[in-house]
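Undergrad: Below is the file target-v1.cif, with mmCIF, C-alpha atoms (C1' of nucleotides).
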data_coords
#
loop_
_atom_site.label_atom_id
_atom_site.label_comp_id
_atom_site.auth_asym_id
_atom_site.auth_seq_id
_atom_site.Cartn_x
_atom_site.Cartn_y
_atom_site.Cartn_z
CA MET A 1 96.85 280.10 118.14
CA ARG A 2 95.28 283.04 119.91
CA ILE A 3 94.25 286.25 118.24
CA GLY A 4 97.30 288.25 119.28
CA GLU A 5 99.72 285.80 117.79
CA LEU A 6 97.67 285.50 114.64
CA ALA A 7 97.55 289.28 114.33
CA GLU A 8 101.28 289.50 114.78
CA LYS A 9 102.09 286.80 112.27
CA SER A 10 99.58 287.85 109.65
CA GLY A 11 99.96 291.58 109.94
CA VAL A 12 96.18 291.86 110.22
CA SER A 13 94.93 293.71 113.28
CA ARG A 14 93.00 292.00 116.04
CA ASP A 15 89.98 294.16 115.27
CA THR A 16 90.08 293.26 111.63
CA ILE A 17 90.45 289.58 112.42
CA ARG A 18 87.38 289.74 114.61
CA PHE A 19 85.63 291.68 111.88
CA TYR A 20 86.50 288.99 109.34
CA GLU A 21 85.30 286.32 111.71
CA ARG A 22 82.01 288.12 112.29
CA ASN A 23 81.66 288.18 108.52
CA GLY A 24 82.30 284.50 108.13
CA LEU A 25 85.72 284.65 106.51
CA ILE A 26 87.37 282.65 109.25
CA THR A 27 86.30 280.55 112.18
CA SER A 28 87.75 279.73 115.54
CA CYS A 29 87.01 277.04 118.01
CA THR A 30 86.53 278.54 121.41
CA GLY A 31 89.19 276.66 123.33
CA SER A 32 87.87 273.53 124.96
CA SER A 33 89.65 274.40 128.18
CA ALA A 34 86.49 276.05 129.33
CA THR A 35 87.76 278.66 131.77
CA ASN A 36 87.92 281.39 129.18
CA ASN A 37 86.26 281.98 125.87
CA TYR A 38 89.32 283.04 123.97
CA ARG A 39 89.31 282.32 120.27
CA ASP A 40 91.62 279.58 119.09
CA TYR A 41 92.68 279.59 115.47
CA ALA A 42 93.95 276.74 113.35
CA ASP A 43 97.31 277.24 111.67
CA ASP A 44 95.91 277.52 108.20
CA THR A 45 93.95 280.58 109.19
CA LEU A 46 97.24 282.33 108.66
CA ILE A 47 97.28 281.24 105.03
CA TRP A 48 93.79 282.50 104.50
CA LEU A 49 94.52 285.82 106.10
CA GLY A 50 97.48 286.22 103.77
CA PHE A 51 95.22 285.59 100.85
CA PHE A 52 92.60 287.98 102.17
CA SER A 53 95.04 290.85 102.53
CA GLY A 54 96.29 290.44 99.00
CA ALA A 55 92.84 289.89 97.63
CA ARG A 56 91.55 293.04 99.31
CA GLU A 57 94.39 295.00 97.75
CA ALA A 58 93.50 293.37 94.48
CA GLY A 59 90.07 294.89 94.87
CA MET A 60 87.96 291.99 96.08
CA SER A 61 85.20 292.78 98.53
CA VAL A 62 84.68 291.02 101.81
CA ALA A 63 81.52 289.58 100.33
CA ASP A 64 83.56 288.13 97.47
CA LEU A 65 85.93 286.55 99.93
CA ARG A 66 83.00 285.24 101.88
CA SER A 67 81.59 283.47 98.90
CA ILE A 68 84.96 281.93 98.12
CA VAL A 69 85.36 280.69 101.65
CA ASP A 70 81.85 279.33 101.66
CA ALA A 71 82.47 277.58 98.39
CA VAL A 72 85.86 276.13 99.22
CA ALA A 73 85.55 275.39 102.90
CA GLY A 74 81.80 274.94 103.04
CA SER A 75 82.22 272.08 100.57
CA CYS A 76 78.50 272.04 99.96
CA ASP A 77 78.77 271.00 96.37
CA ALA A 78 82.17 270.56 94.77
CA ASP A 79 81.02 271.52 91.29
CA LEU A 80 79.31 274.62 92.49
CA ALA A 81 82.37 275.54 94.51
CA ARG A 82 84.54 275.32 91.43
CA LYS A 83 82.09 277.43 89.53
CA VAL A 84 82.15 280.17 92.17
CA VAL A 85 85.92 280.20 92.24
CA ARG A 86 86.20 280.33 88.47
CA GLU A 87 83.78 283.22 88.47
CA LYS A 88 85.92 285.15 90.92
CA ILE A 89 88.98 284.40 88.86
CA SER A 90 87.41 285.91 85.80
CA GLU A 91 86.31 288.95 87.77
CA LEU A 92 89.91 289.40 88.82
CA LYS A 93 91.12 289.07 85.27
CA LEU A 94 88.61 291.65 84.15
CA ARG A 95 89.92 293.98 86.77
CA ALA A 96 93.43 293.34 85.52
CA GLN A 97 92.25 294.43 82.10
CA LYS A 98 90.86 297.64 83.51
CA ILE A 99 94.23 298.24 85.06
CA SER A 100 96.02 297.76 81.77
CA GLN A 101 93.68 300.21 80.13
CA ALA A 102 94.21 302.77 82.85
CA VAL A 103 97.95 302.33 82.55
CA GLU A 104 97.70 302.78 78.83
CA PHE A 105 95.73 305.97 79.23
CA LEU A 106 98.25 307.34 81.66
CA GLU A 107 101.19 306.37 79.49
CA LYS A 108 99.61 308.15 76.59
CA ALA A 109 99.22 311.18 78.79
CA LEU A 110 102.92 311.00 79.52
CA GLU A 111 103.83 310.93 75.85
CA LYS A 112 102.01 314.14 75.11
CA MET B 1 77.43 319.96 76.58
CA ARG B 2 75.02 319.95 79.48
CA ILE B 3 75.05 317.47 82.31
CA GLY B 4 72.22 315.33 81.01
CA GLU B 5 73.89 314.75 77.68
CA LEU B 6 77.21 314.07 79.34
CA ALA B 7 75.59 311.58 81.70
CA GLU B 8 73.92 309.86 78.80
CA LYS B 9 77.04 309.62 76.70
CA SER B 10 79.40 308.67 79.49
CA GLY B 11 77.18 306.31 81.40
CA VAL B 12 78.01 308.23 84.58
CA SER B 13 75.02 309.53 86.51
CA ARG B 14 74.33 313.23 86.88
CA ASP B 15 74.80 312.95 90.62
CA THR B 16 78.14 311.28 90.21
CA ILE B 17 79.24 313.86 87.67
CA ARG B 18 78.40 316.64 90.09
CA PHE B 19 80.16 314.69 92.82
CA TYR B 20 83.27 314.39 90.66
CA GLU B 21 83.13 318.07 89.89
CA ARG B 22 82.82 318.96 93.57
CA ASN B 23 85.90 316.86 94.10
CA GLY B 24 87.86 318.60 91.42
CA LEU B 25 87.97 315.81 88.84
CA ILE B 26 86.28 317.84 86.19
CA THR B 27 85.34 321.45 85.62
CA SER B 28 82.60 323.23 83.78
CA CYS B 29 82.23 326.76 82.65
CA THR B 30 78.89 328.04 83.76
CA GLY B 31 77.45 328.99 80.40
CA SER B 32 78.23 332.57 79.46
CA SER B 33 74.64 333.08 78.36
CA ALA B 34 73.92 334.35 81.82
CA THR B 35 70.23 333.55 82.22
CA ASN B 36 70.86 330.22 83.89
CA ASN B 37 73.74 328.71 85.77
CA TYR B 38 73.70 325.37 84.04
CA ARG B 39 77.02 323.63 83.82
CA ASP B 40 78.59 323.48 80.40
CA TYR B 41 81.16 320.77 79.74
CA ALA B 42 83.88 320.66 77.15
CA ASP B 43 83.89 317.65 74.84
CA ASP B 44 86.98 316.13 76.33
CA THR B 45 85.26 315.79 79.68
CA LEU B 46 83.74 312.72 78.11
CA ILE B 47 87.19 311.23 77.61
CA TRP B 48 88.10 311.89 81.20
CA LEU B 49 84.91 310.39 82.51
CA GLY B 50 85.62 307.28 80.49
CA PHE B 51 89.01 307.08 82.08
CA PHE B 52 87.58 307.68 85.54
CA SER B 53 85.07 304.86 85.26
CA GLY B 54 87.70 302.40 84.20
CA ALA B 55 90.18 303.66 86.73
CA ARG B 56 87.65 303.32 89.54
CA GLU B 57 87.00 299.73 88.49
CA ALA B 58 90.75 299.27 88.42
CA GLY B 59 90.76 300.28 92.06
CA MET B 60 91.92 303.88 91.98
CA SER B 61 90.43 306.23 94.53
CA VAL B 62 88.86 309.54 93.73
CA ALA B 63 91.81 311.17 95.50
CA ASP B 64 94.17 309.33 93.14
CA LEU B 65 92.23 310.60 90.17
CA ARG B 66 92.27 314.05 91.64
CA SER B 67 96.01 314.10 91.86
CA ILE B 68 96.33 312.92 88.28
CA VAL B 69 93.99 315.59 87.04
CA ASP B 70 95.80 318.21 89.05
CA ALA B 71 99.09 317.07 87.67
CA VAL B 72 98.08 316.75 84.06
CA ALA B 73 95.60 319.57 83.67
CA GLY B 74 96.89 321.82 86.42
CA SER B 75 100.16 321.99 84.51
CA CYS B 76 101.86 323.42 87.56
CA ASP B 77 105.20 321.85 86.86
CA ALA B 78 105.63 319.48 83.94
CA ASP B 79 108.29 317.38 85.61
CA LEU B 80 106.35 317.01 88.78
CA ALA B 81 103.28 316.11 86.78
CA ARG B 82 105.15 313.32 85.04
CA LYS B 83 106.40 312.09 88.37
CA VAL B 84 102.89 311.90 89.80
CA VAL B 85 101.61 310.03 86.79
CA ARG B 86 104.47 307.56 86.83
CA GLU B 87 103.80 306.96 90.49
CA LYS B 88 100.18 306.16 89.80
CA ILE B 89 101.22 303.85 87.00
CA SER B 90 103.41 301.87 89.33
CA GLU B 91 100.66 301.69 91.92
CA LEU B 92 98.44 300.23 89.25
CA LYS B 93 101.06 297.70 88.26
CA LEU B 94 101.46 296.69 91.87
CA ARG B 95 97.77 296.13 92.07
CA ALA B 96 97.95 294.02 88.94
CA GLN B 97 100.53 291.89 90.70
CA LYS B 98 98.23 291.43 93.67
CA ILE B 99 95.60 290.28 91.25
CA SER B 100 97.90 287.70 89.68
CA GLN B 101 98.74 286.38 93.10
CA ALA B 102 95.11 286.13 94.07
CA VAL B 103 94.35 284.35 90.81
CA GLU B 104 97.20 281.99 91.47
CA PHE B 105 95.91 281.21 94.94
CA LEU B 106 92.46 280.52 93.59
CA GLU B 107 93.74 278.37 90.77
CA LYS B 108 95.68 276.31 93.24
CA ALA B 109 92.52 275.93 95.26
CA LEU B 110 90.84 274.60 92.14
CA GLU B 111 93.54 272.03 91.56
CA LYS B 112 93.09 270.49 94.94
"C1'" DT C 1 51.43 329.55 77.17
"C1'" DA C 2 51.17 325.60 80.08
"C1'" DA C 3 53.10 321.22 81.00
"C1'" DA C 4 57.00 318.34 80.73
"C1'" DA C 5 61.74 317.89 80.93
"C1'" DC C 6 65.93 319.45 82.62
"C1'" DA C 7 69.10 321.87 85.86
"C1'" DA C 8 70.94 323.77 90.46
"C1'" DT C 9 71.82 323.47 95.50
"C1'" DA C 10 71.86 321.74 100.06
"C1'" DG C 11 71.66 318.25 102.93
"C1'" DA C 12 70.17 313.63 104.44
"C1'" DC C 13 71.10 308.92 103.80
"C1'" DC C 14 73.42 304.41 102.59
"C1'" DG C 15 76.70 300.32 102.35
"C1'" DT C 16 81.44 299.04 102.90
"C1'" DG C 17 85.41 298.20 105.57
"C1'" DG C 18 87.21 298.86 109.07
"C1'" DT C 19 88.91 301.32 113.78
"C1'" DC C 20 88.43 302.78 118.43
"C1'" DC C 21 86.65 302.99 122.94
"C1'" DA C 22 84.92 301.25 127.54
"C1'" DC C 23 84.29 297.79 130.49
"C1'" DG C 24 84.95 293.49 132.50
"C1'" DG C 25 87.14 289.01 132.70
"C1'" DT C 26 91.69 285.82 132.22
"C1'" DT C 27 96.62 284.85 132.03
"C1'" DT C 28 101.30 285.78 132.47
"C1'" DT C 29 105.09 287.48 134.65
"C1'" DG C 30 108.14 289.63 137.98
"C1'" DC D 1 99.98 287.99 144.71
"C1'" DA D 2 99.80 292.17 142.19
"C1'" DA D 3 100.57 294.42 137.95
"C1'" DA D 4 100.89 294.04 133.21
"C1'" DA D 5 99.44 292.01 129.20
"C1'" DC D 6 95.92 289.80 126.85
"C1'" DC D 7 91.06 288.64 125.46
"C1'" DG D 8 85.90 289.23 124.92
"C1'" DT D 9 81.67 292.03 123.79
"C1'" DG D 10 78.97 295.84 122.36
"C1'" DG D 11 78.53 299.90 120.33
"C1'" DA D 12 80.14 304.39 118.68
"C1'" DC D 13 82.67 306.40 115.13
"C1'" DC D 14 85.17 307.20 110.67
"C1'" DA D 15 86.28 307.95 105.59
"C1'" DC D 16 84.86 306.79 101.15
"C1'" DG D 17 81.96 306.92 97.16
"C1'" DG D 18 78.22 307.71 95.95
"C1'" DT D 19 72.73 308.15 95.83
"C1'" DC D 20 68.30 310.32 96.88
"C1'" DT D 21 65.18 314.00 98.10
"C1'" DA D 22 63.24 318.45 98.36
"C1'" DT D 23 62.87 322.78 96.62
"C1'" DT D 24 63.46 326.18 93.28
"C1'" DG D 25 64.60 327.91 88.81
"C1'" DT D 26 65.07 327.34 83.36
"C1'" DT D 27 64.13 325.30 78.84
"C1'" DT D 28 61.59 322.73 75.58
"C1'" DT D 29 57.82 321.26 73.35
"C1'" DA D 30 53.10 320.27 72.19
#
Show the structure stored in the file as structure tokens.

TA:
Amino acid sequence: MRIGELAEKSGVSRDTIRFYERNGLITSCTGSSATNNYRDYADDTLIWLGFFSGAREAGMSVADLRSIVDAVAGSCDADLARKVVREKISELKLRAQKISQAVEFLEKALEK
Amino acid sequence: MRIGELAEKSGVSRDTIRFYERNGLITSCTGSSATNNYRDYADDTLIWLGFFSGAREAGMSVADLRSIVDAVAGSCDADLARKVVREKISELKLRAQKISQAVEFLEKALEK
DNA sequence: TAAAACAATAGACCGTGGTCCACGGTTTTG
DNA sequence: CAAAACCGTGGACCACGGTCTATTGTTTTA
């Protein structure tokens, strides 16, 4: 899949896709048909991009995403990978708590 | 209360407090004892700062906080104020959903 | 009363997360 | 085959949320 199609399907702009790639969130094999150097993306890149968009809205940084990708896809050390992912999960849950507290504060403000 | 004490008690740096004030999140009456122009904060500023810290971690922008403060403290129009606050609450809940989804994605990644 | 601690302002600076050119090459399409 | 549509790179630019510095003025405190 080329960048335009990926952008279209994922709802992530070409520029942002290139930005993510520069930052190691995704990879592309430069098509083997050597006449051009267009990026070629695997189908599952779409899945990842979907996750990234949601995760960004959930408050994760690009660096966070990077470390997840490195852990999961990099497959350096399975145990370490799991540890990284679990860590990110608990960070997310902590953030969810902060949200509850903020909601609570605001609801109290409404009551008054 | 002067800025140093407020910073100490709230855990928010002096610079950030002044930044928040510049951005309309808090106000101070310049002490009436006119020899200096030191900021003087009401006690409840501490409460607000606590909320702000949590809300920032929850992913709210300074502009979001500004509109809440304007609505609640500005007391322009009570109904409108409630509307603004409810809106922010639902934004927060949406974000919480994004978090659940991200957690779900990551937990699935762990299973594999 | 002198030094240390605190405060004010203005403005420079920083990382993050993109977004937007400009320019040149490649592919598609009518 | 020419024009339109697409892609690549590099670098400028942007908003956001602070943070830091310099300079000057005010309190505290020993």

Undergrad: For chain D versus chain B, which residues have an atom no more than 10 Å away, and what is each residue's nearest atom pair and distance in Å rounded to one decimal, using all atoms listed in the file, chain-then-number order, as CSV?

TA:
residue,atom,partner,partner_atom,distance
D:DC16,C1',B:Ser61,CA,8.7
D:DG17,C1',B:Val62,CA,8.1
D:DG18,C1',B:Thr16,CA,6.8
D:DT19,C1',B:Asp15,CA,7.4
D:DC20,C1',B:Asp15,CA,9.4
D:DG25,C1',B:Asn36,CA,8.3
D:DT26,C1',B:Asn36,CA,6.5
D:DT27,C1',B:Asn36,CA,9.7

Undergrad: Which is closest to Val85 in chain A among A:Glu104, A:Gly4, A:Asp64, A:Ile99, if we use only C-alpha atoms?

TA: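 Among A:Glu104, A:Gly4, A:Asp64, A:Ile99, it is A:Asp64 that comes nearest to Val85 in chain A.
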
Undergrad: Taking 4 positions as the minimum chain separation for residues in the same chain, which residues sit within 9 Å of Val72 in chain B when counting all atoms listed in the file? Answer as a PyMOL selection string.

TA: (chain A and resi 109-110) or (chain B and resi 67-68+76+78+81-82+84-85)

Undergrad: What is the CA of Cys29 in chain A to CA of Ser53 in chain A distance in Å?

TA: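 One can read the CA of Cys29 in chain A to CA of Ser53 in chain A distance as 22.2 Å.
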
Undergrad: Can you list, as a list of chain:residue names, the residues that the PyMOL selection byres ((chain A and resi 12) around 12) selects here?

TA: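 With the shown file as input, the PyMOL selection byres ((chain A and resi 12) around 12) matches A:Ile3, A:Gly4, A:Glu5, A:Leu6, A:Ala7, A:Glu8, A:Lys9, A:Ser10, A:Gly11, A:Ser13, A:Arg14, A:Asp15, A:Thr16, A:Ile17, A:Arg18, A:Phe19, A:Tyr20, A:Thr45, A:Leu46, A:Ile47, A:Trp48, A:Leu49, A:Gly50, A:Phe51, A:Phe52, A:Ser53, A:Gly54, A:Arg56, C:DG18.
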
Undergrad: Please compute the CA of Val103 in chain B-CA of Lys108 in chain A distance, one decimal, in Å.

TA: 28.2 Å
